[in-house]
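Enquirer: If it helps, the file is called coords-v7.txt and holds compact mmCIF, C-alpha atoms:
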```txt
# COMPACT_ATOMS: atom_id res chain seq x y z
CA MET X 44 -10.88 39.32 -19.20
CA CYS X 45 -10.51 35.62 -18.33
CA ASN X 46 -8.38 35.16 -21.44
CA PHE X 47 -6.21 38.12 -20.40
CA ILE X 48 -5.61 36.68 -16.92
CA THR X 49 -4.81 33.25 -18.34
CA HIS X 50 -2.42 34.69 -20.95
CA CYS X 51 -0.60 36.76 -18.32
CA HIS X 52 -0.03 33.75 -16.13
CA THR X 53 0.65 30.93 -18.60
CA VAL X 54 2.42 32.74 -21.46
CA THR X 55 4.17 35.77 -19.97
CA LYS X 56 4.63 34.10 -16.53
CA ILE X 57 3.42 37.15 -14.60
CA ARG X 58 2.75 36.50 -10.92
CA ALA X 59 -0.80 36.61 -9.57
CA SER X 60 -0.07 39.72 -7.48
CA SER X 61 1.11 41.59 -10.59
CA ILE X 62 -1.93 40.48 -12.59
CA GLN X 63 -4.15 41.83 -9.83
CA THR X 64 -2.34 45.17 -10.08
CA TYR X 65 -2.88 45.23 -13.86
CA LEU X 66 -6.59 44.52 -13.40
CA ALA X 67 -6.83 47.40 -10.94
CA GLY X 68 -5.19 49.63 -13.55
CA ILE X 69 -7.64 48.49 -16.24
CA ASN X 70 -10.55 49.18 -13.92
CA LEU X 71 -9.22 52.67 -13.10
CA PHE X 72 -8.71 53.49 -16.79
CA HIS X 73 -12.26 52.33 -17.51
CA LYS X 74 -13.62 54.51 -14.70
CA LEU X 75 -11.71 57.55 -15.98
CA SER X 76 -12.93 56.93 -19.52
CA THR X 77 -16.59 56.12 -18.84
CA GLY X 78 -17.27 57.14 -15.24
CA LEU X 79 -18.36 53.57 -14.52
CA PRO X 80 -16.55 50.57 -13.01
CA CYS X 81 -15.50 47.82 -15.41
CA GLN X 82 -18.25 45.16 -15.61
CA SER X 83 -16.43 42.69 -17.91
CA ILE X 84 -15.94 40.22 -15.09
CA SER X 85 -17.27 40.08 -11.56
CA HIS X 86 -15.09 40.88 -8.58
CA ALA X 87 -15.84 37.43 -7.13
CA HIS X 88 -14.70 35.74 -10.35
CA VAL X 89 -11.45 37.73 -10.43
CA THR X 90 -10.77 36.84 -6.79
CA MET X 91 -11.39 33.15 -7.50
CA LEU X 92 -9.04 33.14 -10.51
CA ILE X 93 -6.27 34.98 -8.67
CA LYS X 94 -6.51 32.62 -5.68
CA GLY X 95 -6.26 29.67 -8.05
CA LEU X 96 -3.14 31.10 -9.69
CA ARG X 97 -1.49 31.76 -6.34
CA LYS X 98 -1.99 28.12 -5.35
CA GLN X 99 -0.17 27.08 -8.53
CA GLU X 100 2.81 29.40 -8.15
CA PRO X 101 4.93 27.40 -5.67
CA ALA X 102 4.78 24.37 -7.97
CA LEU X 103 5.60 26.44 -11.05
CA THR X 104 8.57 28.04 -9.32
CA ALA X 105 9.89 24.69 -8.14
CA ARG X 106 9.84 23.32 -11.69
CA ARG X 107 11.88 26.19 -13.14
CA LEU X 108 15.44 24.91 -13.55
CA ALA X 109 18.75 26.74 -13.24
CA LEU X 110 21.06 27.19 -16.22
CA THR X 111 24.31 26.56 -14.37
CA SER X 112 27.75 27.33 -15.79
CA ASP X 113 28.32 23.79 -17.11
CA LEU X 114 25.04 23.90 -19.06
CA LEU X 115 25.88 27.40 -20.28
CA CYS X 116 29.16 26.01 -21.65
CA CYS X 117 27.19 23.49 -23.72
CA CYS X 118 24.94 26.23 -25.12
CA ILE X 119 27.86 28.51 -26.02
CA HIS X 120 29.63 25.61 -27.73
CA THR X 121 26.48 24.97 -29.81
CA LEU X 122 26.32 28.63 -30.84
CA ARG X 123 30.00 28.77 -31.77
CA SER X 124 29.59 25.61 -33.85
CA GLY X 125 26.99 27.41 -35.99
CA TYR X 126 23.30 27.81 -35.23
CA ILE X 127 21.50 30.16 -37.68
CA SER X 128 23.93 32.80 -38.96
CA PRO X 129 27.07 34.51 -37.64
CA THR X 130 25.05 37.64 -36.78
CA VAL X 131 22.26 35.89 -34.89
CA ASP X 132 24.69 33.47 -33.25
CA LEU X 133 26.83 36.33 -31.91
CA THR X 134 23.72 38.19 -30.71
CA LEU X 135 22.47 35.16 -28.80
CA GLU X 136 25.92 34.37 -27.36
CA SER X 137 26.16 37.96 -26.10
CA MET X 138 22.69 37.72 -24.56
CA PHE X 139 23.49 34.40 -22.87
CA LEU X 140 26.74 35.65 -21.34
CA LEU X 141 25.41 39.05 -20.30
CA ALA X 142 22.32 37.48 -18.72
CA PHE X 143 24.42 34.96 -16.78
CA PHE X 144 27.31 37.11 -15.56
CA GLY X 145 25.02 40.10 -15.02
CA PHE X 146 22.57 38.02 -12.94
CA LEU X 147 19.88 39.64 -15.12
CA ARG X 148 16.14 39.28 -14.82
CA CYS X 149 14.42 38.44 -18.08
CA SER X 150 12.87 41.90 -18.46
CA GLU X 151 16.32 43.49 -18.13
CA PHE X 152 17.63 42.05 -21.39
CA ALA X 153 14.59 40.63 -23.26
CA PRO X 154 11.47 42.75 -22.60
CA THR X 155 7.97 41.36 -23.05
CA SER X 156 6.87 44.32 -25.18
CA SER X 157 7.87 44.41 -28.86
CA VAL X 158 7.58 48.22 -28.99
CA TYR X 159 11.04 49.67 -28.40
CA ASP X 160 11.40 52.62 -26.03
CA PRO X 161 15.04 53.70 -25.46
CA SER X 162 14.07 55.29 -22.13
CA ARG X 163 12.85 51.93 -20.79
CA HIS X 164 14.64 49.24 -22.79
CA PRO X 165 18.37 48.47 -23.14
CA SER X 166 20.07 50.31 -26.00
CA LEU X 167 23.44 49.86 -27.71
CA SER X 168 24.90 52.81 -25.79
CA ASP X 169 24.27 51.00 -22.48
CA ILE X 170 27.44 48.90 -22.95
CA THR X 171 30.64 50.94 -22.73
CA THR X 172 34.34 50.27 -22.20
CA HIS X 173 35.50 50.65 -18.61
CA THR X 174 39.13 49.50 -18.82
CA SER X 175 41.10 47.47 -21.35
CA ASP X 176 39.76 44.27 -19.81
CA SER X 177 36.32 45.27 -18.51
CA LEU X 178 33.03 46.66 -19.78
CA ILE X 179 30.11 48.31 -18.05
CA PHE X 180 26.51 47.47 -18.83
CA THR X 181 24.40 50.31 -17.47
CA LEU X 182 21.12 48.89 -16.22
CA CYS X 183 18.69 51.79 -16.61
CA ARG X 184 15.58 50.16 -15.20
CA SER X 185 14.73 46.92 -13.45
CA LYS X 186 11.76 45.10 -11.96
CA THR X 187 12.55 46.31 -8.46
CA ASP X 188 13.38 49.87 -9.54
CA GLN X 189 10.81 51.59 -11.72
CA LEU X 190 12.25 55.08 -11.11
CA GLY X 191 15.13 54.73 -13.54
CA VAL X 192 18.01 54.72 -11.05
CA THR X 193 20.90 53.31 -13.10
CA PHE X 194 23.26 50.56 -11.89
CA PRO X 195 26.62 49.63 -13.43
CA ILE X 196 27.11 45.93 -14.10
CA TYR X 197 30.74 45.04 -14.69
CA ILE X 198 31.79 42.49 -17.31
CA PHE X 199 35.38 41.24 -17.15
CA ARG X 200 37.89 39.50 -19.37
CA LEU X 201 38.34 36.04 -17.84
CA ASN X 202 40.76 33.21 -18.47
CA SER X 203 37.89 30.91 -19.36
CA PHE X 204 35.88 29.50 -22.26
CA LEU X 205 32.95 31.47 -20.83
CA SER X 206 34.75 34.83 -20.71
CA PRO X 207 32.03 37.37 -21.64
CA HIS X 208 34.33 40.31 -22.42
CA GLU X 209 35.55 39.22 -25.86
CA PRO X 210 32.17 38.20 -27.36
CA LEU X 211 30.45 41.35 -26.08
CA THR X 212 33.28 43.58 -27.32
CA ARG X 213 33.14 41.90 -30.73
CA TYR X 214 29.36 42.19 -30.76
CA ILE X 215 29.38 45.94 -30.00
CA HIS X 216 32.12 46.54 -32.59
CA THR X 217 30.16 44.57 -35.22
CA ARG X 218 27.00 46.57 -34.54
CA TYR X 219 28.73 49.94 -34.84
CA SER X 220 30.61 48.77 -37.96
CA ALA X 221 27.19 48.11 -39.51
CA HIS X 222 26.30 51.77 -38.80
CA ALA X 223 23.97 51.08 -35.89
CA SER X 224 22.97 54.07 -33.78
CA PRO X 225 23.82 54.21 -30.05
CA GLN X 226 20.08 54.56 -29.42
CA ASP X 227 19.19 51.38 -31.33
CA PRO X 228 18.01 48.32 -29.36
CA LEU X 229 20.90 46.54 -27.65
CA PHE X 230 19.78 43.17 -28.99
CA PRO X 231 17.86 43.14 -32.31
CA THR X 232 16.25 40.20 -34.12
CA GLU X 233 16.99 39.09 -37.67
CA THR X 234 14.55 41.75 -38.91
CA GLY X 235 16.07 44.56 -36.85
CA ARG X 236 13.31 44.76 -34.26
CA MET X 237 14.04 44.60 -30.54
CA ALA X 238 14.62 41.06 -29.27
CA THR X 239 11.70 40.18 -27.01
CA ARG X 240 11.30 37.57 -24.32
CA PHE X 241 9.31 35.36 -26.73
CA TRP X 242 12.01 35.58 -29.44
CA PHE X 243 14.82 34.86 -26.99
CA GLN X 244 13.06 31.98 -25.25
CA LYS X 245 12.24 30.32 -28.58
CA HIS X 246 15.93 30.31 -29.57
CA PHE X 247 17.03 29.42 -26.04
CA HIS X 248 14.89 26.29 -26.09
CA ASN X 249 16.15 25.35 -29.58
CA ILE X 250 19.77 25.72 -28.46
CA LEU X 251 19.15 23.64 -25.35
CA ARG X 252 17.73 20.83 -27.46
CA LEU X 253 20.62 21.04 -29.96
CA SER X 254 22.99 20.85 -26.98
CA GLY X 255 21.37 17.61 -25.82
CA ILE X 256 19.52 19.25 -22.93
CA SER X 257 15.77 18.92 -22.42
CA SER X 258 14.22 22.39 -22.65
CA ASP X 259 11.42 21.50 -20.21
CA HIS X 260 11.21 23.87 -17.23
CA TYR X 261 13.86 26.30 -18.50
CA SER X 262 12.95 29.95 -19.04
CA CYS X 263 14.70 33.29 -19.50
CA HIS X 264 14.92 33.54 -15.72
CA SER X 265 17.00 30.35 -15.63
CA PHE X 266 20.12 32.45 -16.27
CA ARG X 267 19.68 34.47 -13.06
CA ILE X 268 18.82 31.34 -11.08
CA GLY X 269 21.76 29.50 -12.64
CA ALA X 270 24.23 32.30 -11.88
CA ALA X 271 23.16 32.39 -8.23
CA SER X 272 23.28 28.58 -7.98
CA SER X 273 26.72 28.40 -9.60
CA ALA X 274 28.00 31.18 -7.33
CA ALA X 275 26.83 29.37 -4.21
CA ARG X 276 28.28 26.08 -5.46
CA SER X 277 31.68 27.67 -6.09
CA GLY X 278 31.87 29.06 -2.56
CA ILE X 279 31.28 32.74 -3.34
CA SER X 280 30.15 34.52 -0.17
CA ASP X 281 26.53 35.44 0.41
CA GLN X 282 27.52 39.11 0.50
CA VAL X 283 29.12 39.00 -2.95
CA ILE X 284 26.19 37.00 -4.38
CA GLN X 285 23.85 39.65 -2.99
CA VAL X 286 25.93 42.33 -4.71
CA LEU X 287 26.07 40.47 -8.03
CA GLY X 288 22.32 39.89 -7.99
CA ARG X 289 21.51 43.45 -6.83
CA TRP X 290 19.25 42.18 -4.08
CA SER X 291 20.03 45.29 -2.06
CA SER X 292 20.63 48.32 -4.24
CA GLN X 293 22.26 50.55 -1.60
CA ALA X 294 24.66 47.83 -0.48
CA TYR X 295 25.43 47.16 -4.15
CA GLN X 296 26.51 50.75 -4.83
CA THR X 297 28.68 50.94 -1.71
CA TYR X 298 30.31 47.58 -2.28
CA ILE X 299 31.21 48.18 -5.94
CA HIS X 300 32.96 51.43 -5.10
CA ASN X 301 35.44 49.69 -2.82
CA ASN X 302 35.58 46.04 -3.91
CA LEU X 303 35.53 45.84 -7.71
CA ASN X 304 38.31 43.26 -7.70
CA ASP X 305 36.15 40.93 -5.58
CA LEU X 306 33.54 40.96 -8.34
CA ARG X 307 36.18 40.05 -10.93
CA LEU X 308 37.32 37.13 -8.76
CA ALA X 309 33.70 36.04 -8.34
CA HIS X 310 33.21 36.04 -12.13
CA ASP X 311 36.39 33.98 -12.48
CA ARG X 312 35.04 31.37 -10.09
CA LEU X 313 31.63 31.44 -11.76
CA SER X 314 33.16 30.67 -15.14
CA LEU X 315 35.10 27.68 -13.82
CA THR X 316 32.40 25.86 -11.80
```
Go ahead and express the file in the form of structure tokens.

Expert:
Amino acid sequence: MCNFITHCHTVTKIRASSIQTYLAGINLFHKLSTGLPCQSISHAHVTMLIKGLRKQEPALTARRLALTSDLLCCCIHTLRSGYISPTVDLTLESMFLLAFFGFLRCSEFAPTSSVYDPSRHPSLSDITTHTSDSLIFTLCRSKTDQLGVTFPIYIFRLNSFLSPHEPLTRYIHTRYSAHASPQDPLFPTETGRMATRFWFQKHFHNILRLSGISSDHYSCHSFRIGAASSAARSGISDQVIQVLGRWSSQAYQTYIHNNLNDLRLAHDRLSLT
């Protein structure tokens, strides 16, 4: 149990409060299975470990750096110069751009689990054409919404080196040309399995180093932090940043319906900071 708690915190970066919830679930499952509470570790020991992790979290959060638009440019240039293979390079470029312009949490594009479930994980059919110069990525499930209420994330054609529309369109076309099914994982690895957080972060760190950037303190979540930081730096209003980051789901739905052009302008400014 101690190893489980340590792994959750140090490897998968799960917060102490979430670990405590998982432990409660394990205890409940054990009670349902055996009729007895789980005795693997004492309640006092669990409490001590969780308190210790919570004391560490502010420092860990402070050390996590933002992948801002200028650093993203360096990474995309490295990928376009040739990293592993055209297929893997295009997959990673699409992940980078979608994560940044979609303000995505890690779990929303690179799940921790390696077992693919199309009802919970992004599939190829989740990216569709909206207009001739925009796509929609349908976010089926997120960290703050476990009920499966979908949200449309708009991806635009921009007059910028970082324009995400063309790479993502080419990526989707390449996948379907290779006879992929709409229900296949949105982002597969070299072996065809779903790209996980571990797989993505390994390549992300390699690309950072090849781009001349220290990979220390960068994680999958650096894209969301970097997008928000770049948006604030470029003068995008707090309201639009809130919409782009989906920090208030109801406001997000209302705003998109009436102000889609504002989101396009925000992406333009993001790509030029």

Enquirer: Please compute the atom CA of Asp160 of chain X-atom CA of Arg240 of chain X distance, one decimal, in Å.

Expert: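 It comes out at 15.1 Å.
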
Enquirer: May I have the residues within 8 Å of Leu287 of chain X as an mmCIF file with C-alpha atoms, in the frame of the given file, using only C-alpha atoms and disregarding those fewer than 3 positions away in the same chain?

Expert:
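out-v1.cif written:
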```cif
data_model
loop_
_atom_site.group_PDB
_atom_site.id
_atom_site.type_symbol
_atom_site.label_atom_id
_atom_site.label_comp_id
_atom_site.auth_asym_id
_atom_site.auth_seq_id
_atom_site.Cartn_x
_atom_site.Cartn_y
_atom_site.Cartn_z
ATOM 1 C CA GLY X 145 25.020 40.100 -15.020
ATOM 2 C CA PHE X 146 22.570 38.020 -12.940
ATOM 3 C CA VAL X 283 29.120 39.000 -2.950
ATOM 4 C CA ILE X 284 26.190 37.000 -4.380
ATOM 5 C CA TYR X 295 25.430 47.160 -4.150
ATOM 6 C CA LEU X 306 33.540 40.960 -8.340
#
```

Enquirer: Rounded to one decimal, what separation in Å do you get between atom CA of Leu140 of chain X and atom CA of Cys117 of chain X?

Expert: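 Going from atom CA of Leu140 of chain X over to atom CA of Cys117 of chain X, I get 12.4 Å.
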
Enquirer: May I have the residues within 12 Å of Ile256 of chain X as a PyMOL selection string, using only C-alpha atoms and disregarding those fewer than 5 positions away in the same chain?

Expert: chain X and resi 108+110+113-118+121+247-251+261

Enquirer: Using all atoms listed in the file, which of X:Ile48, X:Leu211, X:Leu205, X:Leu75 sits nearest Asp311 of chain X?

Expert: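 Checking each of X:Ile48, X:Leu211, X:Leu205, X:Leu75 against Asp311 of chain X, counting all atoms listed in the file, the winner is X:Leu205.
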
Enquirer: How far is it from atom CA of Ser124 of chain X to atom CA of Gly255 of chain X, in Å with one decimal?

Expert: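 Taking atom CA of Ser124 of chain X as the start and atom CA of Gly255 of chain X as the end point, the length is 14.0 Å.
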
Enquirer: Pick from X:Gln285, X:Ser128, X:Thr171, X:Ser272: nearest to Phe143 of chain X, with all atoms listed in the file counted?

Expert: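 So, comparing all the options, the nearest one is X:Ser272.
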
Enquirer: With 12 Å as the threshold, what does the neighbourhood of (35.5, 39.7, -29.3) contain in terms of residues, counting only C-alpha atoms? Coordinates are those of the file; answer as a list in words.

Expert: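 All residues meeting the 12 Å criterion around (35.5, 39.7, -29.3) are Leu133, Thr134, Glu136, Ser137, Asp176, Arg200, Ser206, Pro207, His208, Glu209, Pro210, Leu211, Thr212, Arg213, Tyr214, Ile215, His216 and Thr217 of chain X.
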
Enquirer: Nearest to Arg58 of chain X among X:Ser277, X:Ile268, X:Ile170, X:Gly95, with distances taken over all atoms listed in the file: which residue is it?

Expert: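 Closest candidate: X:Gly95.
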
Enquirer: In terms of the shortest atom-to-atom distance over all atoms listed in the file, which of X:Gly278, X:Val286, X:Gln226, X:Thr130 is closest to Pro195 of chain X?

Expert: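 Closest to Pro195 of chain X of all the choices is X:Val286.
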
Enquirer: Hey, which of X:Ala309, X:Gln244, X:Thr239, X:Asp132 ends up closest to Ser258 of chain X? Count only C-alpha atoms.

Expert: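 That would be X:Gln244, the residue with the smallest distance to Ser258 of chain X.
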
Enquirer: Please provide the set of residues having any atom within 8 Å of Pro154 of chain X, restricted to only C-alpha atoms, with same-chain residues fewer than 3 positions apart removed, written as a list in words.

Expert: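 Close residues of Pro154 of chain X: Cys149, Ser150, Glu151, Ser157, His164, Ala238, Thr239 and Arg240 of chain X.
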
Enquirer: With distances taken over all atoms listed in the file, which of X:Gly288, X:Pro231, X:Pro161, X:Gly68 is nearest to Met138 of chain X?

Expert: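 Looking at the shortest contact to Met138 of chain X, the residue is X:Pro231.
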
Enquirer: Within 9 Å of (18.8, 44.4, -19.3) (coordinates as in the file), grab all the protein and nucleic acid residues, counting all atoms listed in the file, and write them out as number ranges by chain.

Expert: X: 141-142, 145, 147-154, 164-165, 180-185, 229
